[in-house]
$ cat target_6.txt   # compact mmCIF, C-alpha atoms and all ligand atoms
# COMPACT_ATOMS: atom_id res chain seq x y z
CA MET J 1 0.00 0.00 0.00
CA THR J 2 1.25 3.49 -0.83
CA THR J 3 1.69 5.94 2.05
CA PHE J 4 0.84 9.41 0.87
CA SER J 5 2.61 11.53 3.41
CA VAL J 6 5.50 10.77 5.72
CA ASP J 7 5.24 14.10 7.43
CA GLU J 8 1.81 13.21 8.80
CA LEU J 9 3.72 10.78 10.96
CA ILE J 10 5.80 13.52 12.50
CA THR J 11 3.99 14.91 15.47
CA THR J 12 4.98 18.18 17.04
CA ALA J 13 3.44 20.28 19.75
CA PRO J 14 2.55 23.32 17.61
CA GLU J 15 2.54 25.73 20.55
CA ALA J 16 6.07 24.67 21.41
CA SER J 17 7.56 25.23 17.98
CA CYS J 18 7.28 28.99 17.79
CA ASP J 19 7.80 31.85 20.15
CA ALA J 20 4.84 34.23 20.18
CA ASP J 21 7.22 37.15 20.88
CA LEU J 22 8.81 36.54 17.50
CA ALA J 23 5.55 37.17 15.71
CA ALA J 24 4.73 40.17 17.87
CA GLY J 25 8.00 41.99 17.29
CA PRO J 26 10.88 40.45 15.37
CA TRP J 27 13.23 43.29 16.27
CA ALA J 28 12.55 43.07 19.97
CA PHE J 29 12.95 39.32 19.76
CA ASP J 30 16.28 39.59 17.96
CA LEU J 31 17.63 41.89 20.62
CA SER J 32 16.39 39.82 23.54
CA PRO J 33 19.12 38.16 25.64
CA GLY J 34 20.08 34.74 24.33
CA TYR J 35 18.94 35.42 20.81
CA GLY J 36 20.26 38.40 18.86
CA PRO J 37 21.17 38.68 15.21
CA GLY J 38 24.12 36.31 15.46
CA ALA J 39 22.18 33.65 17.30
CA SER J 40 21.85 31.31 14.37
CA GLU J 41 25.61 30.81 14.59
CA ASP J 42 24.94 28.87 17.77
CA ASP J 43 22.62 26.41 16.06
CA VAL J 44 23.77 22.84 15.96
CA ILE J 45 24.74 22.34 12.33
CA PRO J 46 25.34 18.81 11.06
CA ASP J 47 28.54 17.96 9.19
CA PRO J 48 29.44 18.28 6.41
CA VAL J 49 27.96 21.68 5.69
CA VAL J 50 29.34 25.09 5.08
CA ARG J 51 29.96 26.85 8.41
CA PRO J 52 28.79 30.41 8.82
CA GLY J 53 31.40 32.96 9.74
CA GLN J 54 30.93 34.93 12.92
CA LEU J 55 28.95 38.12 12.61
CA PRO J 56 31.24 40.64 14.30
CA VAL J 57 29.99 41.64 17.72
CA ALA J 58 29.81 45.29 16.66
CA TYR J 59 27.14 44.35 14.10
CA GLN J 60 25.31 42.19 16.61
CA ARG J 61 25.05 45.19 18.91
CA MET J 62 24.04 47.80 16.34
CA ASP J 63 20.51 49.06 16.67
CA GLU J 64 17.91 48.97 13.91
CA ALA J 65 18.42 52.64 12.94
CA GLU J 66 22.17 52.32 12.55
CA LEU J 67 21.95 49.15 10.51
CA HIS J 68 19.36 50.77 8.28
CA ALA J 69 21.55 53.85 7.77
CA ARG J 70 24.60 51.72 6.95
CA ILE J 71 22.72 49.64 4.39
CA VAL J 72 21.27 52.73 2.72
CA ALA J 73 24.67 54.46 2.63
CA ALA J 74 26.47 51.39 1.24
CA LYS J 75 23.84 50.90 -1.45
CA GLU J 76 24.14 54.53 -2.46
CA THR J 77 27.94 54.33 -2.73
CA LEU J 78 27.94 51.03 -4.60
CA GLY J 79 25.21 52.17 -7.00
CA ASP J 80 24.84 50.02 -10.13
CA LYS J 81 27.73 47.80 -9.09
CA LEU J 82 25.34 46.10 -6.68
CA VAL J 83 21.97 44.43 -6.98
CA VAL J 84 20.07 43.20 -3.93
CA LEU J 85 17.47 40.46 -4.44
CA GLY J 86 14.88 39.66 -1.77
CA HIS J 87 12.50 36.71 -1.52
CA PHE J 88 8.89 37.43 -0.46
CA TYR J 89 9.54 35.58 2.82
CA GLN J 90 12.21 37.99 3.98
CA ARG J 91 11.36 40.27 6.87
CA ASP J 92 10.32 43.84 5.98
CA GLU J 93 13.53 45.27 7.46
CA VAL J 94 15.39 43.42 4.69
CA VAL J 95 12.81 43.61 1.88
CA GLN J 96 12.86 47.42 2.00
CA HIS J 97 16.46 47.34 0.73
CA ALA J 98 15.87 44.89 -2.13
CA ASP J 99 16.04 46.09 -5.74
CA PHE J 100 13.87 43.12 -6.75
CA VAL J 101 11.40 41.26 -4.56
CA GLY J 102 9.84 38.09 -5.92
CA ASP J 103 9.32 34.35 -5.91
CA SER J 104 12.11 31.90 -6.80
CA PHE J 105 11.36 31.95 -10.52
CA GLN J 106 11.23 35.75 -10.69
CA LEU J 107 14.43 36.16 -8.69
CA ALA J 108 16.32 33.69 -10.91
CA ASN J 109 15.28 35.88 -13.85
CA ALA J 110 15.96 39.11 -11.97
CA ALA J 111 19.59 38.11 -11.49
CA LEU J 112 19.91 37.93 -15.28
CA THR J 113 18.57 41.44 -15.83
CA ARG J 114 21.62 43.08 -14.23
CA PRO J 115 24.65 41.58 -16.02
CA ASP J 116 26.63 44.75 -15.33
CA ALA J 117 26.32 44.50 -11.56
CA GLU J 118 29.57 43.30 -10.01
CA THR J 119 27.82 41.77 -7.02
CA ILE J 120 24.45 40.12 -6.42
CA VAL J 121 23.46 40.05 -2.76
CA PHE J 122 20.78 37.39 -2.39
CA CYS J 123 18.49 37.85 0.60
CA GLY J 124 16.95 34.42 0.46
CA VAL J 125 18.23 30.92 1.12
CA HIS J 126 21.27 28.95 -0.01
CA PHE J 127 19.78 27.20 -3.07
CA MET J 128 18.58 30.56 -4.43
CA ALA J 129 22.07 32.09 -4.15
CA GLU J 130 23.60 28.99 -5.77
CA THR J 131 21.17 29.35 -8.65
CA ALA J 132 22.06 33.02 -9.06
CA ASP J 133 25.76 32.09 -9.15
CA ILE J 134 25.16 29.43 -11.82
CA LEU J 135 23.22 31.87 -13.98
CA ALA J 136 25.48 34.87 -13.36
CA ARG J 137 28.42 35.90 -15.49
CA PRO J 138 31.72 34.38 -14.23
CA GLU J 139 32.97 37.80 -13.10
CA GLN J 140 29.92 38.45 -10.92
CA HIS J 141 30.04 37.68 -7.21
CA VAL J 142 27.00 36.25 -5.42
CA ILE J 143 26.69 36.80 -1.69
CA LEU J 144 24.38 35.08 0.79
CA PRO J 145 24.51 37.43 3.80
CA ASN J 146 24.22 34.60 6.35
CA LEU J 147 25.65 31.25 5.20
CA ALA J 148 23.44 29.44 7.69
CA ALA J 149 20.35 30.41 5.68
CA GLY J 150 19.63 27.02 4.15
CA CYS J 151 16.36 25.23 3.42
CA SER J 152 15.42 22.15 5.41
CA MET J 153 13.45 20.76 2.49
CA ALA J 154 16.41 21.11 0.12
CA ASP J 155 18.51 19.16 2.64
CA MET J 156 16.06 16.23 2.45
CA ALA J 157 17.49 15.08 -0.90
CA ASP J 158 21.24 14.52 -1.09
CA GLU J 159 23.18 13.61 -4.20
CA ASP J 160 24.22 10.12 -3.06
CA SER J 161 20.68 9.03 -2.19
CA VAL J 162 19.29 10.36 -5.47
CA GLU J 163 22.08 8.65 -7.44
CA ALA J 164 21.42 5.35 -5.64
CA ALA J 165 17.66 5.54 -6.24
CA TRP J 166 18.30 6.43 -9.89
CA GLU J 167 20.52 3.39 -10.39
CA GLU J 168 17.89 1.13 -8.87
CA LEU J 169 15.25 2.55 -11.19
CA MET J 170 17.50 2.24 -14.25
CA GLU J 171 17.99 -1.43 -13.44
CA LEU J 172 14.28 -2.01 -13.02
CA TYR J 173 13.37 -0.28 -16.29
CA ALA J 174 16.32 -1.68 -18.29
CA ASP J 175 14.01 -3.81 -20.48
CA GLU J 176 11.87 -0.84 -21.61
CA ASP J 177 12.10 0.55 -25.15
CA GLN J 178 13.86 3.91 -24.79
CA SER J 179 13.73 4.94 -28.47
CA GLU J 180 10.87 7.43 -28.16
CA LEU J 181 10.47 8.06 -24.47
CA ALA J 182 13.02 7.74 -21.69
CA SER J 183 11.98 5.53 -18.78
CA VAL J 184 12.40 8.32 -16.21
CA ILE J 185 12.99 12.07 -16.40
CA PRO J 186 14.46 13.58 -13.22
CA VAL J 187 12.74 16.78 -12.11
CA THR J 188 14.12 18.70 -9.20
CA TYR J 189 12.31 21.46 -7.39
CA MET J 190 14.31 24.67 -7.29
CA ASN J 191 14.62 24.02 -3.53
CA SER J 192 17.56 21.64 -3.96
CA SER J 193 21.33 21.76 -4.07
CA ALA J 194 23.29 22.71 -7.19
CA ALA J 195 24.55 19.09 -7.28
CA LEU J 196 20.99 17.83 -7.80
CA LYS J 197 20.30 20.43 -10.46
CA ALA J 198 23.48 19.18 -12.17
CA PHE J 199 22.19 15.60 -11.82
CA CYS J 200 19.05 16.65 -13.72
CA GLY J 201 21.15 18.41 -16.36
CA ARG J 202 23.24 15.27 -16.89
CA HIS J 203 20.22 12.94 -17.15
CA GLY J 204 17.94 14.84 -19.53
CA GLY J 205 16.01 16.46 -16.68
CA ILE J 206 14.86 19.86 -15.61
CA VAL J 207 14.36 22.18 -12.62
CA CYS J 208 10.93 23.53 -11.68
CA THR J 209 9.64 26.18 -9.32
CA SER J 210 6.20 26.31 -7.76
CA SER J 211 5.10 28.83 -10.40
CA ASN J 212 6.01 26.78 -13.48
CA ALA J 213 5.65 23.23 -12.14
CA ALA J 214 2.74 22.37 -14.47
CA THR J 215 4.64 23.55 -17.57
CA VAL J 216 7.71 21.63 -16.43
CA LEU J 217 5.75 18.41 -15.86
CA GLU J 218 4.27 18.71 -19.37
CA TRP J 219 7.81 19.17 -20.72
CA ALA J 220 8.97 16.08 -18.88
CA PHE J 221 5.99 13.91 -19.86
CA ALA J 222 6.70 14.76 -23.51
CA ARG J 223 10.10 13.13 -23.05
CA GLY J 224 9.61 10.33 -20.56
CA ARG J 225 7.16 7.65 -19.42
CA ARG J 226 7.47 8.81 -15.84
CA LEU J 227 9.19 11.37 -13.65
CA LEU J 228 11.33 11.17 -10.56
CA PHE J 229 10.33 14.30 -8.65
CA PHE J 230 12.42 15.55 -5.70
CA PRO J 231 12.63 16.75 -2.97
CA ASP J 232 9.07 18.03 -2.31
CA GLN J 233 6.49 15.25 -2.32
CA HIS J 234 3.65 17.76 -1.93
CA LEU J 235 4.46 19.98 -4.90
CA GLY J 236 4.96 16.86 -7.03
CA ARG J 237 1.71 15.26 -5.91
CA ASN J 238 -0.37 18.44 -6.10
CA THR J 239 0.91 19.29 -9.58
CA GLY J 240 0.52 15.72 -10.87
CA LYS J 241 -3.00 15.49 -9.47
CA ALA J 242 -4.02 18.80 -11.07
CA MET J 243 -2.82 17.33 -14.40
CA GLY J 244 -5.00 14.26 -13.93
CA VAL J 245 -2.38 11.74 -12.80
CA PRO J 246 -4.14 9.21 -10.51
CA LEU J 247 -2.76 9.03 -6.96
CA GLU J 248 -1.98 5.33 -7.31
CA GLN J 249 0.42 6.25 -10.13
CA MET J 250 2.32 8.65 -7.87
CA PRO J 251 3.95 6.37 -5.28
CA MET J 252 6.30 7.89 -2.75
CA ILE J 253 9.59 6.06 -2.73
CA ASN J 254 11.70 5.50 0.34
CA PRO J 255 15.35 5.82 -0.73
CA ARG J 256 16.49 4.02 2.43
CA LYS J 257 14.49 0.84 1.85
CA PRO J 258 15.34 -2.07 -0.45
CA GLY J 259 13.41 -1.77 -3.72
CA LEU J 260 12.79 1.87 -2.74
CA GLY J 261 10.03 0.61 -0.44
CA VAL J 262 7.55 0.28 -3.31
CA ASP J 263 6.23 -2.85 -5.02
CA ALA J 264 8.08 -3.42 -8.35
CA GLN J 265 4.85 -3.45 -10.38
CA GLU J 266 3.79 -0.18 -8.76
CA LEU J 267 7.14 1.32 -9.79
CA ARG J 268 6.53 0.12 -13.36
CA ASP J 269 3.02 1.60 -13.48
CA ALA J 270 4.12 4.88 -11.90
CA ARG J 271 3.87 8.21 -13.71
CA VAL J 272 5.36 10.37 -10.94
CA LEU J 273 7.80 8.89 -8.41
CA LEU J 274 7.76 11.16 -5.37
CA TRP J 275 10.68 11.79 -3.01
CA PRO J 276 9.66 11.96 0.66
CA GLY J 277 10.69 15.59 1.28
CA PHE J 278 8.50 18.36 2.64
CA CYS J 279 8.59 21.91 3.93
CA SER J 280 8.33 22.21 7.68
CA VAL J 281 6.53 25.56 7.38
CA HIS J 282 3.86 24.44 4.90
CA LYS J 283 3.22 21.05 6.48
CA ARG J 284 1.71 22.93 9.40
CA PHE J 285 -1.38 23.87 7.36
CA THR J 286 -4.35 21.60 7.88
CA VAL J 287 -7.88 21.04 6.56
CA ALA J 288 -9.15 21.71 10.10
CA GLN J 289 -7.68 25.22 9.93
CA ILE J 290 -9.50 25.82 6.63
CA GLU J 291 -12.77 24.52 8.10
CA GLN J 292 -12.35 26.80 11.08
CA ALA J 293 -11.64 29.81 8.83
CA ARG J 294 -14.77 29.03 6.79
CA ALA J 295 -16.89 28.63 9.94
CA GLU J 296 -15.64 31.90 11.46
CA HIS J 297 -15.63 33.92 8.22
CA PRO J 298 -18.39 32.80 5.85
CA GLY J 299 -17.32 33.70 2.31
CA VAL J 300 -13.60 33.62 3.18
CA LYS J 301 -11.31 32.88 0.25
CA VAL J 302 -8.53 30.44 1.04
CA VAL J 303 -5.28 30.45 -0.93
CA VAL J 304 -2.30 28.22 -0.13
CA HIS J 305 1.18 27.45 -1.41
CA PRO J 306 1.45 24.08 -3.24
CA GLU J 307 4.10 22.91 -0.76
CA SER J 308 1.09 22.33 1.51
CA PRO J 309 -0.22 18.75 1.84
CA MET J 310 -2.67 17.61 -0.86
CA PRO J 311 -5.83 17.59 1.34
CA VAL J 312 -5.10 21.24 2.22
CA VAL J 313 -4.65 22.23 -1.43
CA ASP J 314 -7.87 20.37 -2.28
CA ALA J 315 -9.80 22.16 0.46
CA ALA J 316 -8.47 25.61 -0.52
CA ASP J 317 -10.01 27.84 -3.19
CA ALA J 318 -6.68 28.29 -4.95
CA ALA J 319 -3.05 27.24 -4.72
CA GLY J 320 0.07 28.73 -6.25
CA SER J 321 3.52 30.20 -5.80
CA THR J 322 4.25 33.13 -3.54
CA ASP J 323 3.75 35.47 -6.50
CA PHE J 324 0.46 33.73 -7.34
CA ILE J 325 -0.69 34.37 -3.77
CA ARG J 326 0.32 38.03 -4.06
CA LYS J 327 -1.66 38.37 -7.32
CA PHE J 328 -4.63 36.51 -5.80
CA VAL J 329 -4.81 39.12 -3.06
CA ALA J 330 -4.29 42.00 -5.51
CA ALA J 331 -7.25 40.74 -7.57
CA SER J 332 -9.57 40.61 -4.53
CA GLU J 333 -12.11 43.33 -3.64
CA PRO J 334 -12.16 45.70 -0.67
CA GLY J 335 -14.04 44.01 2.16
CA ASP J 336 -12.95 40.51 1.13
CA VAL J 337 -11.67 38.08 3.75
CA ILE J 338 -8.65 36.01 2.69
CA ALA J 339 -6.97 33.21 4.63
CA ILE J 340 -3.47 32.41 3.41
CA GLY J 341 -1.44 29.25 3.83
CA THR J 342 2.13 30.40 3.48
CA GLU J 343 4.99 31.97 5.40
CA ILE J 344 4.04 34.74 7.82
CA ASN J 345 6.24 37.58 6.53
CA LEU J 346 4.46 37.51 3.18
CA VAL J 347 1.04 37.22 4.82
CA ASN J 348 1.70 40.16 7.14
CA ARG J 349 3.06 42.28 4.30
CA LEU J 350 -0.06 41.63 2.20
CA ALA J 351 -2.28 42.43 5.19
CA ALA J 352 -0.49 45.77 5.63
CA GLU J 353 -0.64 46.52 1.90
CA TYR J 354 -4.42 45.90 1.73
CA PRO J 355 -5.84 47.33 4.97
CA ASP J 356 -9.36 47.42 3.45
CA ARG J 357 -9.40 43.57 3.37
CA THR J 358 -9.19 41.06 6.21
CA ILE J 359 -6.08 38.99 5.54
CA PHE J 360 -4.77 36.39 7.96
CA CYS J 361 -2.58 33.31 8.15
CA LEU J 362 -4.33 29.93 8.30
CA ASP J 363 -1.93 28.78 11.01
CA PRO J 364 -2.79 30.42 14.34
CA VAL J 365 0.72 29.67 15.67
CA ILE J 366 2.47 32.13 13.45
CA CYS J 367 5.65 30.53 12.18
CA PRO J 368 8.25 32.17 9.98
CA CYS J 369 10.61 30.18 7.81
CA SER J 370 13.42 30.04 10.34
CA THR J 371 16.15 29.85 7.72
CA MET J 372 14.86 32.77 5.63
CA TYR J 373 14.71 34.62 8.94
CA ARG J 374 18.45 34.19 9.38
CA ILE J 375 19.05 37.05 6.96
CA HIS J 376 19.05 39.65 9.68
CA PRO J 377 19.80 43.27 8.61
CA GLY J 378 22.99 42.96 10.69
CA TYR J 379 24.33 40.45 8.15
CA LEU J 380 23.20 42.58 5.23
CA ALA J 381 24.98 45.65 6.64
CA TRP J 382 28.13 43.58 7.32
CA VAL J 383 28.41 42.16 3.79
CA LEU J 384 27.70 45.56 2.20
CA ASP J 385 30.30 47.25 4.39
CA GLY J 386 32.67 44.49 3.28
CA LEU J 387 32.11 45.47 -0.35
CA LEU J 388 32.93 49.08 0.52
CA GLU J 389 36.20 47.81 1.98
CA GLY J 390 36.88 45.73 -1.15
CA GLU J 391 36.11 42.41 0.56
CA VAL J 392 33.53 39.91 -0.74
CA ARG J 393 32.10 38.23 2.38
CA ASN J 394 30.00 35.07 2.39
CA GLU J 395 30.41 34.45 -1.32
CA ILE J 396 28.61 31.49 -2.87
CA VAL J 397 30.70 29.80 -5.54
CA VAL J 398 29.42 26.71 -7.32
CA ASP J 399 32.05 24.35 -8.71
CA ASP J 400 32.49 24.88 -12.49
CA ASP J 401 31.62 21.32 -13.53
CA VAL J 402 28.52 21.22 -11.31
CA ALA J 403 27.49 24.66 -12.55
CA ALA J 404 27.83 23.69 -16.21
CA HIS J 405 25.43 20.75 -15.85
CA ALA J 406 23.08 22.56 -13.49
CA LYS J 407 22.84 25.42 -15.98
CA VAL J 408 21.44 23.06 -18.61
CA ALA J 409 18.57 22.08 -16.30
CA LEU J 410 18.06 25.68 -15.15
CA GLU J 411 17.89 27.05 -18.68
CA ARG J 412 15.19 24.49 -19.46
CA MET J 413 13.37 25.77 -16.37
CA LEU J 414 13.65 29.41 -17.46
CA ALA J 415 12.15 28.51 -20.84
CA ALA J 416 9.19 26.75 -19.17
CA LEU J 417 7.06 29.79 -18.47
CA PRO J 418 4.43 29.75 -15.72
CA LYS J 419 0.88 29.28 -17.10
P1 LIG M 1 8.29 30.31 -4.37
O1 LIG M 1 8.98 29.81 -5.58
O2 LIG M 1 6.80 30.24 -4.49
O3 LIG M 1 8.78 31.66 -4.03
O4 LIG M 1 8.60 29.33 -3.17
C1 LIG M 1 9.87 29.20 -2.63
C2 LIG M 1 9.79 28.58 -1.33
O5 LIG M 1 10.78 28.18 -0.76
C3 LIG M 1 8.48 28.40 -0.73
O6 LIG M 1 8.61 27.76 0.48
FE1 LIG M 2 12.56 25.87 2.50
FE2 LIG M 2 10.08 25.77 3.49
FE3 LIG M 2 11.68 27.83 4.08
FE4 LIG M 2 10.66 27.55 1.61
S1 LIG M 2 9.52 27.95 3.50
S2 LIG M 2 12.78 28.08 2.13
S3 LIG M 2 10.70 25.30 1.41
S4 LIG M 2 12.00 25.65 4.65

$ encode --input "target_6.txt" --output "structure tokens" --more "lines below"
Ligand code: 13P
Ligand code: SF4
Amino acid sequence: MTTFSVDELITTAPEASCDADLAAGPWAFDLSPGYGPGASEDDVIPDPVVRPGQLPVAYQRMDEAELHARIVAAKETLGDKLVVLGHFYQRDEVVQHADFVGDSFQLANAALTRPDAETIVFCGVHFMAETADILARPEQHVILPNLAAGCSMADMADEDSVEAAWEELMELYADEDQSELASVIPVTYMNSSAALKAFCGRHGGIVCTSSNAATVLEWAFARGRRLLFFPDQHLGRNTGKAMGVPLEQMPMINPRKPGLGVDAQELRDARVLLWPGFCSVHKRFTVAQIEQARAEHPGVKVVVHPESPMPVVDAADAAGSTDFIRKFVAASEPGDVIAIGTEINLVNRLAAEYPDRTIFCLDPVICPCSTMYRIHPGYLAWVLDGLLEGEVRNEIVVDDDVAAHAKVALERMLAALPK
């Protein structure tokens, strides 16, 4: 029997996972004893990963006004030599300094619009900065202000496990006629390491984002009998389902089990092989929250990100990327009530932008993406001051060979326009 969601098995005490003070006042929270802008450096980080450098104490102690002034001054001095990109999930104190704010697909394109900039400072997470480095000109530097800003979902698929699963599948499908359609096309979600994007480039595959996933799946189905989709099971399942792929043809593999934990015939009949990854922010959204929103606000419109579990996407009125959610709200009418299932910084920003509508987060225990949150303005000020001193701090450099293959898969992604 196919299990549809491993993360349902993970039980957490929701109240315990977030500090209410954080939602009430991020700045106050950052300055509270024991936390502070450099606090993420104290996190336990598994080996082998890149280790963040220390944020100098002077920057940890600077107040909001001074950091703001430093960032503004550095940007002014650096002018066109610098471009700052900010993901929708970044806190407002960072977003206000971004030259482009957008979803992953838009920011990958935004990096390409400024080929003359010497430096791209990416206020987002590690895989986004890697992507910018792969797409950038060789002379351009890409900086991730805090190297500890990763993505827990991206970490759920590593190169060795994907390679091992791929070999097992290749063995199983070895008797299939490959003349017109390949047996499997690898599709990686943008939220993955450069190594996995390179894997897709090497094996006739492609990268997708949440905004162009449907176009990418069509591209892949035109070339293969089935897809291996990683790391996000939910985006893969939700997109496949919306395209009419039956659930029983979307088994979730378990890369740690013999035979990938799925019956061999089921693997043969599969159209989408799902990797068991998930986003810890979006897995918090539930159908019960939607039912409660509908009971408390008759007529409420519910929009969620497709990293949410399938029953949540099914119960919502609409699902789409962070930019889709932004446009959904922009297209609403004054007086509308909108419940959103995505990261809190974006929800709060939309609520502030449209004060004539009632906009709230589906999850009552307001949780930010803790890794996006690691881009504190202290780090931004520190890397920009570094540029003024001629020093490139926290640079992201993807190995040339990996970048060359990853670029193939990324260029296919850029050509697959969102519908
Ligand atoms: P978007 O591509 O929709 O911006 O999503 C990125 C992400 O990490 C959502 O969790
Ligand atoms: Fe990764 Fe989830 Fe954060 Fe997006 S919200 S960056 S998928 S952990």

$ residues_near_ligand --input "target_6.txt" --ligand "ligand LIG 1 (chain M)" --cutoff "8 Å" --atoms "all atoms listed in the file" --output "PyMOL selection string"
chain J and resi 87-89+102-105+151+190-191+209-211+279+281-282+305+307+320-324+342-343+369

$ atom_distance --input "target_6.txt" --atom1 "CA of Val101 in chain J" --atom2 "CA of Asn345 in chain J"
12.8 Å

$ atom_distance --input "target_6.txt" --atom1 "CA of Phe230 in chain J" --atom2 "CA of Leu112 in chain J"
25.5 Å

$ closest_residue --input "target_6.txt" --among "J:Asp232, J:Glu171, J:Asp99, J:Asp177" --to "ligand LIG 2 (chain M)" --atoms "only C-alpha atoms and all ligand atoms"
J:Asp232

$ residues_around --input "target_6.txt" --residues "Arg412 in chain J" --least-positions-apart "2" --cutoff "9 Å" --atoms "only C-alpha atoms" --output "JSON, numbers by chain"
{"J": [205, 206, 207, 208, 216, 407, 408, 409, 410, 414, 415, 416]}

$ closest_residue --input "target_6.txt" --among "J:Val245, J:Cys123, J:Leu350, J:Ala264" --to "ligand LIG 2 (chain M)" --atoms "all atoms listed in the file"
J:Cys123

$ closest_residue --input "target_6.txt" --among "J:Gln90, J:Asn109, J:Ser179, J:Thr119" --to "ligand LIG 2 (chain M)" --atoms "only C-alpha atoms and all ligand atoms"
J:Gln90

$ axis_aligned_box --input "target_6.txt" --around "range 268-281 of chain J" --padding-each-side "4 Å" --output "lines of an AutoDock Vina configuration file"
center_x = 6.9
center_y = 12.8
center_z = -3.0
size_x = 15.7
size_y = 33.4
size_z = 29.4
